[in-house]
Amino acid sequence: MQDTVESVSLEAQGDSFVSLKDVNKIYPNGVQAVYDFNIDIKENEFIVLVGPSGCGKSTTLRMIAGLEDITSGQLWINNSLSNYKASKDRDISMVFQSYALYPQMTVYDNIAFPLRARRYRMPVVNLVLKAWDQVVEALNNPQLLADAYLEACDRQLRYSTVVSYVATKLGICDTAAKIICSYKIKSVTDLDNTGKSGKRLLDEIKERAAQEKQKEMQAIAEKGLTVDDQYQVYANGELQYEMKKLSEEEIRKKVFEAAEILDLGPYLDRRPKELSGGQMQRVALGRAIVRNARLFLMDEPLSNLDAKLRVQMRSEIVRIHEQIGATTIYVTHDQTEAMTMATKIAIMSKGWVQQIGTPQEIYYHPKNIFVATFIGSPAMNIIEGEYQNGTITFANGYSVQMPEAFAAKHDAYYREKIAELEAVLEMDDFKKMHALKLIDKDLFALHSQLEPALVGRALKDVIASAHHVNEECAAKVEALIGKFVENEATLASELAEAHKINARELIVALKEIVSTIGDEHGKEALEALNALAEIESQGMGSKESLTTYTAFVQAVEELIAYASTVDSHILQTKCAALNVAGQVDKTSKQWLLTVRKPLLTFEKIPSSVIGKLHNAQVFNKNEKEEKGTLYYQKPKKEKKKHAVKFNLNSVDVEFVNNLYDVACDLLAKCNAALSGKHGVRLGIRPEDLHLSSEFAGDSTQGFKVNSNIVELLGSELLIHTQWAGATVIAKISTGTLVKPHTEVELTMNREKILVFDENCGDTI
């Protein structure tokens, strides 16, 4: 797949810190988890990927993290193409759902672990000069120095040593602390005592410091190096760098900073089993914070916490994000988390991104019915109705007069849909699908090919099967097809002629379609059709002149309809085998395969078109919880011979449904919606349903309901009821106390009503 990415123009992504371009993920077993994910994330944004389980949000996060390969598309991080970068080179920190803490380590060591595991490119620092200067400076406050050493000897800390404690207490490096600890100064008077050289200990240490510094400066000069006031080493005026691990003092500083942010100071010497769930979550966050990464990735980090702690940790994570200023991508299935934490939300369903926007945009202007019902608690009420001339009427006769502007908005929506679909059907790849539909109708018909020479035997088999059902069935079947058994020779002759006429008609229809396909595959198919000019020009009559055949086709239609009412699968199967309408002869089947082959290549269908047609199938009123629309490298046991194949971002795809049929069906429904009465789905949020007596805004006519269940939520009531064939929830204030199983009159805030197209689920 590397060629796929590199063949695209690789350009910096402007002010986007993270950018995903047409990213797809397909697993080796053929399951596609993510379809054409596109998003631009600016620095310091808090992005939440939200959706139901299995929608692809965690997979997307893992692709950004480098834990999953990207099948196709581009991932940019800080204007650098990152598809093939190792996770450690992406400058990211990740927090997992399971915390992933090391049980044998203390909190301190868990947070410090990522710092100890990596090497960093850092300026070369001369620790000898730095240490002795810090020792001399520490001697200026002898009381603090003595107290630090005395406390270090008394403390029993699992995360600290005497040297590290002294270094932290005095704010000096470990090398300087080690020097000070070697003198074991427990009180101020110890500095006045005589040292090994016979001098006062304070003077002895200062003298040694001067000697060690002078010796080190000479060594530096001999190497042609210089040192600045920060003890950084230069060669020929250039600052020197080295790859090295952080020192313990540097690690300690970062851990303490993170612990202060997360309020983990009192727990640094504990182990994970001694912590609560919230504390363990903060440790996991601390481990991410200490790396100072510019990109934070969080995969449902709060799902293991109780409700109260989740609320607390939501605020904590937002506060930390604002404090450290990193860009954060957060995955959750909880829409409340998404709405309260995000600066921008991406809502996913079945691998497709449905909408990206701010929480306010998502809530008040949902793109389709999935977004509208997924976001909001309780969920938006959806009521089936019929729209005509600005009025929506429900099954119970109640009607809503929409605002004046809605009628124009409604018509503009369907005109735009019609124009889009007409343009789609003019695409070369959809013309190929149209041609394939005509070919496959014959090649892969559900009934078997009925050969003219065997028509008599087939008729007798049907009659015999009818006799096994009962006498009444036998009489009905013989009345319909018995006369054709007696006239078997004539029927066989006309059937053979009809097969040839069908082939000629199919060639004409195919040429009309294929001649308009502009790519090389269409031209190849047209050449195959032109080679059949002899069949096309044969001087055959019409099927209407074949009186026996015409009567046979009509009789078989009646027979199949009758067989469907009879409890006999064998009879139904044998009757279906008599269906000869549209069949071509065996010779014609061979050239159909020749024409079909070049039509099976689809390369220019925009992913946006596929996404819209996918939504038209999964968000329509008659959605079926069966198979999806698209399959990548489907398992053999589910593969169908007549499945249509095409190429999306260099990945083989098979359609269970011919998308030409889907587009044609949607176009017909949009035309019908524009010209007359049609079904819609009205959406109203619970908080926009009010008691008629309390609402003074632009309201609909009041309607009476029975309060089946009433929930008290603080200062609000949730009234559950059944109305107009739907379950409806109203959220009202407790100013008026409503009791269960009482009749109340509600009204809708007309300004907050949303209307969804029942065919594809889009917001009108």
# chains A, B, ... in the order shown; residues from 1 in each chain; ligands from 1

call {"tool": "residues_around", "arguments": {"residues": "segment 299-301 of chain A", "least_positions_apart": "6", "cutoff": "8 Å", "atoms": "only C-alpha atoms", "output": "list in words"}}
result
Ser58, Leu61, Met94, Val95, Phe96, Gln97, Ser98, Tyr99, Gln281, Tyr330, Val331, Thr332 and His333 of chain A

call {"tool": "residues_around", "arguments": {"residues": "segment 665-671 of chain A", "least_positions_apart": "4", "cutoff": "8 Å", "atoms": "only C-alpha atoms", "output": "PyMOL selection string"}}
result
chain A and resi 414+417-418+421-422+616+661+675+759

call {"tool": "write_last_selection", "arguments": {"atoms": "C-alpha atoms", "output": "PDB file, in the first residue's frame"}}
result
ATOM      1  CA  TYR A 414     -35.106  17.562  -2.877  1.00  0.00           C
ATOM      2  CA  LYS A 417     -30.798  15.611  -4.047  1.00  0.00           C
ATOM      3  CA  ILE A 418     -32.275  15.003  -7.496  1.00  0.00           C
ATOM      4  CA  LEU A 421     -28.365  11.628  -8.051  1.00  0.00           C
ATOM      5  CA  GLU A 422     -28.779  12.496 -11.726  1.00  0.00           C
ATOM      6  CA  ALA A 616     -29.522   5.708   2.220  1.00  0.00           C
ATOM      7  CA  ASP A 661     -30.399   0.242  -8.228  1.00  0.00           C
ATOM      8  CA  SER A 675     -44.284  16.390  -6.528  1.00  0.00           C
ATOM      9  CA  ASN A 759     -35.454   7.527   2.454  1.00  0.00           C
TER      10      ASN A 759
END

call {"tool": "select_by_dssp", "arguments": {"residues": "segment 533-616 of chain A", "states": "helix (DSSP H, G or I)", "output": "compact mmCIF listing (two decimals) with N, CA and C atoms, in the first residue's frame"}}
result
# COMPACT_ATOMS: atom_id res chain seq x y z
N ALA A 533 -22.53 -8.10 -34.09
CA ALA A 533 -23.43 -7.43 -35.04
C ALA A 533 -24.25 -8.42 -35.84
N GLU A 534 -23.68 -9.60 -36.09
CA GLU A 534 -24.39 -10.61 -36.88
C GLU A 534 -25.65 -11.07 -36.16
N ILE A 535 -25.53 -11.30 -34.84
CA ILE A 535 -26.70 -11.71 -34.06
C ILE A 535 -27.74 -10.59 -34.04
N GLU A 536 -27.23 -9.38 -33.90
CA GLU A 536 -28.13 -8.23 -33.79
C GLU A 536 -28.91 -8.01 -35.08
N LYS A 543 -41.37 -11.24 -30.37
CA LYS A 543 -41.89 -12.29 -29.51
C LYS A 543 -43.42 -12.34 -29.56
N GLU A 544 -44.05 -11.20 -29.89
CA GLU A 544 -45.50 -11.17 -29.96
C GLU A 544 -46.03 -12.10 -31.05
N SER A 545 -45.21 -12.34 -32.10
CA SER A 545 -45.65 -13.22 -33.19
C SER A 545 -45.56 -14.69 -32.80
N THR A 547 -47.06 -16.98 -30.84
CA THR A 547 -48.30 -17.06 -30.05
C THR A 547 -48.24 -18.12 -28.97
N THR A 548 -47.66 -19.28 -29.28
CA THR A 548 -47.58 -20.34 -28.27
C THR A 548 -46.67 -19.92 -27.13
N TYR A 549 -45.52 -19.31 -27.48
CA TYR A 549 -44.57 -18.85 -26.46
C TYR A 549 -45.20 -17.77 -25.58
N THR A 550 -45.90 -16.80 -26.22
CA THR A 550 -46.53 -15.72 -25.47
C THR A 550 -47.57 -16.25 -24.49
N ALA A 551 -48.38 -17.21 -24.95
CA ALA A 551 -49.38 -17.81 -24.06
C ALA A 551 -48.71 -18.59 -22.93
N PHE A 552 -47.57 -19.24 -23.25
CA PHE A 552 -46.84 -20.01 -22.24
C PHE A 552 -46.30 -19.10 -21.14
N VAL A 553 -45.72 -17.96 -21.52
CA VAL A 553 -45.17 -17.01 -20.53
C VAL A 553 -46.28 -16.53 -19.60
N GLN A 554 -47.44 -16.20 -20.14
CA GLN A 554 -48.56 -15.74 -19.33
C GLN A 554 -49.06 -16.84 -18.39
N ALA A 555 -49.11 -18.08 -18.93
CA ALA A 555 -49.57 -19.20 -18.10
C ALA A 555 -48.60 -19.48 -16.96
N VAL A 556 -47.31 -19.37 -17.21
CA VAL A 556 -46.30 -19.61 -16.18
C VAL A 556 -46.40 -18.55 -15.08
N GLU A 557 -46.65 -17.29 -15.44
CA GLU A 557 -46.82 -16.23 -14.44
C GLU A 557 -47.97 -16.58 -13.49
N GLU A 558 -49.10 -17.03 -14.06
CA GLU A 558 -50.24 -17.42 -13.23
C GLU A 558 -49.89 -18.65 -12.39
N LEU A 559 -49.13 -19.58 -12.98
CA LEU A 559 -48.76 -20.81 -12.27
C LEU A 559 -47.87 -20.50 -11.06
N ILE A 560 -46.89 -19.62 -11.25
CA ILE A 560 -45.97 -19.25 -10.16
C ILE A 560 -46.73 -18.55 -9.04
N ALA A 561 -47.69 -17.68 -9.41
CA ALA A 561 -48.50 -16.99 -8.41
C ALA A 561 -49.34 -18.00 -7.62
N TYR A 562 -49.90 -18.99 -8.34
CA TYR A 562 -50.71 -20.00 -7.65
C TYR A 562 -49.83 -20.88 -6.75
N ALA A 563 -48.65 -21.27 -7.23
CA ALA A 563 -47.76 -22.16 -6.45
C ALA A 563 -47.34 -21.52 -5.14
N HIS A 569 -42.68 -26.78 -1.31
CA HIS A 569 -41.46 -26.13 -1.81
C HIS A 569 -41.02 -26.74 -3.15
N ILE A 570 -41.21 -28.05 -3.30
CA ILE A 570 -40.81 -28.72 -4.55
C ILE A 570 -41.61 -28.16 -5.73
N LEU A 571 -42.93 -28.03 -5.54
CA LEU A 571 -43.76 -27.49 -6.62
C LEU A 571 -43.36 -26.06 -6.96
N GLN A 572 -43.10 -25.23 -5.94
CA GLN A 572 -42.72 -23.84 -6.18
C GLN A 572 -41.40 -23.76 -6.95
N THR A 573 -40.44 -24.63 -6.61
CA THR A 573 -39.14 -24.63 -7.28
C THR A 573 -39.28 -25.04 -8.75
N LYS A 574 -40.07 -26.08 -9.00
CA LYS A 574 -40.22 -26.56 -10.39
C LYS A 574 -41.03 -25.59 -11.24
N CYS A 575 -41.96 -24.89 -10.63
CA CYS A 575 -42.70 -23.86 -11.37
C CYS A 575 -41.78 -22.71 -11.75
N ALA A 576 -40.90 -22.30 -10.78
CA ALA A 576 -39.96 -21.20 -11.06
C ALA A 576 -39.04 -21.55 -12.21
N LYS A 586 -27.70 -20.64 -24.91
CA LYS A 586 -26.38 -20.92 -24.35
C LYS A 586 -25.27 -20.18 -25.09
N THR A 587 -25.38 -20.08 -26.40
CA THR A 587 -24.36 -19.37 -27.19
C THR A 587 -24.26 -17.91 -26.75
N SER A 588 -25.43 -17.30 -26.52
CA SER A 588 -25.45 -15.89 -26.11
C SER A 588 -24.85 -15.70 -24.72
N LYS A 589 -25.00 -16.71 -23.85
CA LYS A 589 -24.43 -16.60 -22.52
C LYS A 589 -22.91 -16.46 -22.56
N GLN A 590 -22.29 -17.08 -23.52
CA GLN A 590 -20.83 -16.99 -23.63
C GLN A 590 -20.39 -15.58 -23.95
N TRP A 591 -21.06 -14.92 -24.92
CA TRP A 591 -20.64 -13.54 -25.22
C TRP A 591 -21.05 -12.57 -24.12
N LEU A 592 -22.10 -12.90 -23.34
CA LEU A 592 -22.44 -12.05 -22.21
C LEU A 592 -21.29 -12.00 -21.20
N LEU A 593 -20.65 -13.13 -20.98
CA LEU A 593 -19.49 -13.17 -20.08
C LEU A 593 -18.34 -12.34 -20.62
N THR A 594 -18.16 -12.34 -21.94
CA THR A 594 -17.10 -11.54 -22.58
C THR A 594 -17.35 -10.05 -22.38
N VAL A 595 -18.61 -9.64 -22.51
CA VAL A 595 -18.96 -8.23 -22.33
C VAL A 595 -18.88 -7.83 -20.86
N ARG A 596 -19.25 -8.75 -19.98
CA ARG A 596 -19.33 -8.45 -18.55
C ARG A 596 -17.96 -8.17 -17.94
N LYS A 597 -16.95 -8.90 -18.39
CA LYS A 597 -15.63 -8.83 -17.75
C LYS A 597 -15.07 -7.41 -17.66
N PRO A 598 -14.98 -6.64 -18.76
CA PRO A 598 -14.42 -5.27 -18.63
C PRO A 598 -15.30 -4.31 -17.83
N LEU A 599 -16.58 -4.64 -17.69
CA LEU A 599 -17.48 -3.75 -16.95
C LEU A 599 -17.33 -3.88 -15.44
N SER A 607 -15.65 8.57 -2.82
CA SER A 607 -16.06 7.94 -1.57
C SER A 607 -17.25 8.65 -0.96
N SER A 608 -17.40 9.96 -1.23
CA SER A 608 -18.55 10.69 -0.70
C SER A 608 -19.85 10.15 -1.26
N VAL A 609 -19.82 9.73 -2.53
CA VAL A 609 -21.02 9.16 -3.16
C VAL A 609 -21.35 7.81 -2.52
N ILE A 610 -20.32 7.00 -2.32
CA ILE A 610 -20.54 5.69 -1.70
C ILE A 610 -21.10 5.86 -0.29
N GLY A 611 -20.56 6.84 0.44
CA GLY A 611 -21.04 7.09 1.80
C GLY A 611 -22.50 7.49 1.82
N LYS A 612 -22.93 8.34 0.88
CA LYS A 612 -24.32 8.78 0.84
C LYS A 612 -25.26 7.63 0.50
N LEU A 613 -24.85 6.79 -0.44
CA LEU A 613 -25.69 5.65 -0.82
C LEU A 613 -25.71 4.60 0.30
N HIS A 614 -24.58 4.49 1.01
CA HIS A 614 -24.56 3.61 2.18
C HIS A 614 -25.57 4.09 3.22
N ASN A 615 -25.56 5.39 3.51
CA ASN A 615 -26.49 5.94 4.49
C ASN A 615 -27.94 5.78 4.05
N ALA A 616 -28.16 5.86 2.73
CA ALA A 616 -29.52 5.71 2.22
C ALA A 616 -30.07 4.32 2.52

call {"tool": "residues_around", "arguments": {"residues": "segment 173-190 of chain A", "least_positions_apart": "4", "cutoff": "8 Å", "atoms": "only C-alpha atoms", "output": "PyMOL selection string"}}
result
chain A and resi 127-128+130-132+134-135+142-143+145-147+149-150+162-164+166-167+201+248-249

call {"tool": "closest_residue", "arguments": {"among": "A:Trp76, A:Tyr102, A:Trp352, A:Phe37", "to": "Pro52 of chain A", "atoms": "only C-alpha atoms"}}
result
A:Trp352
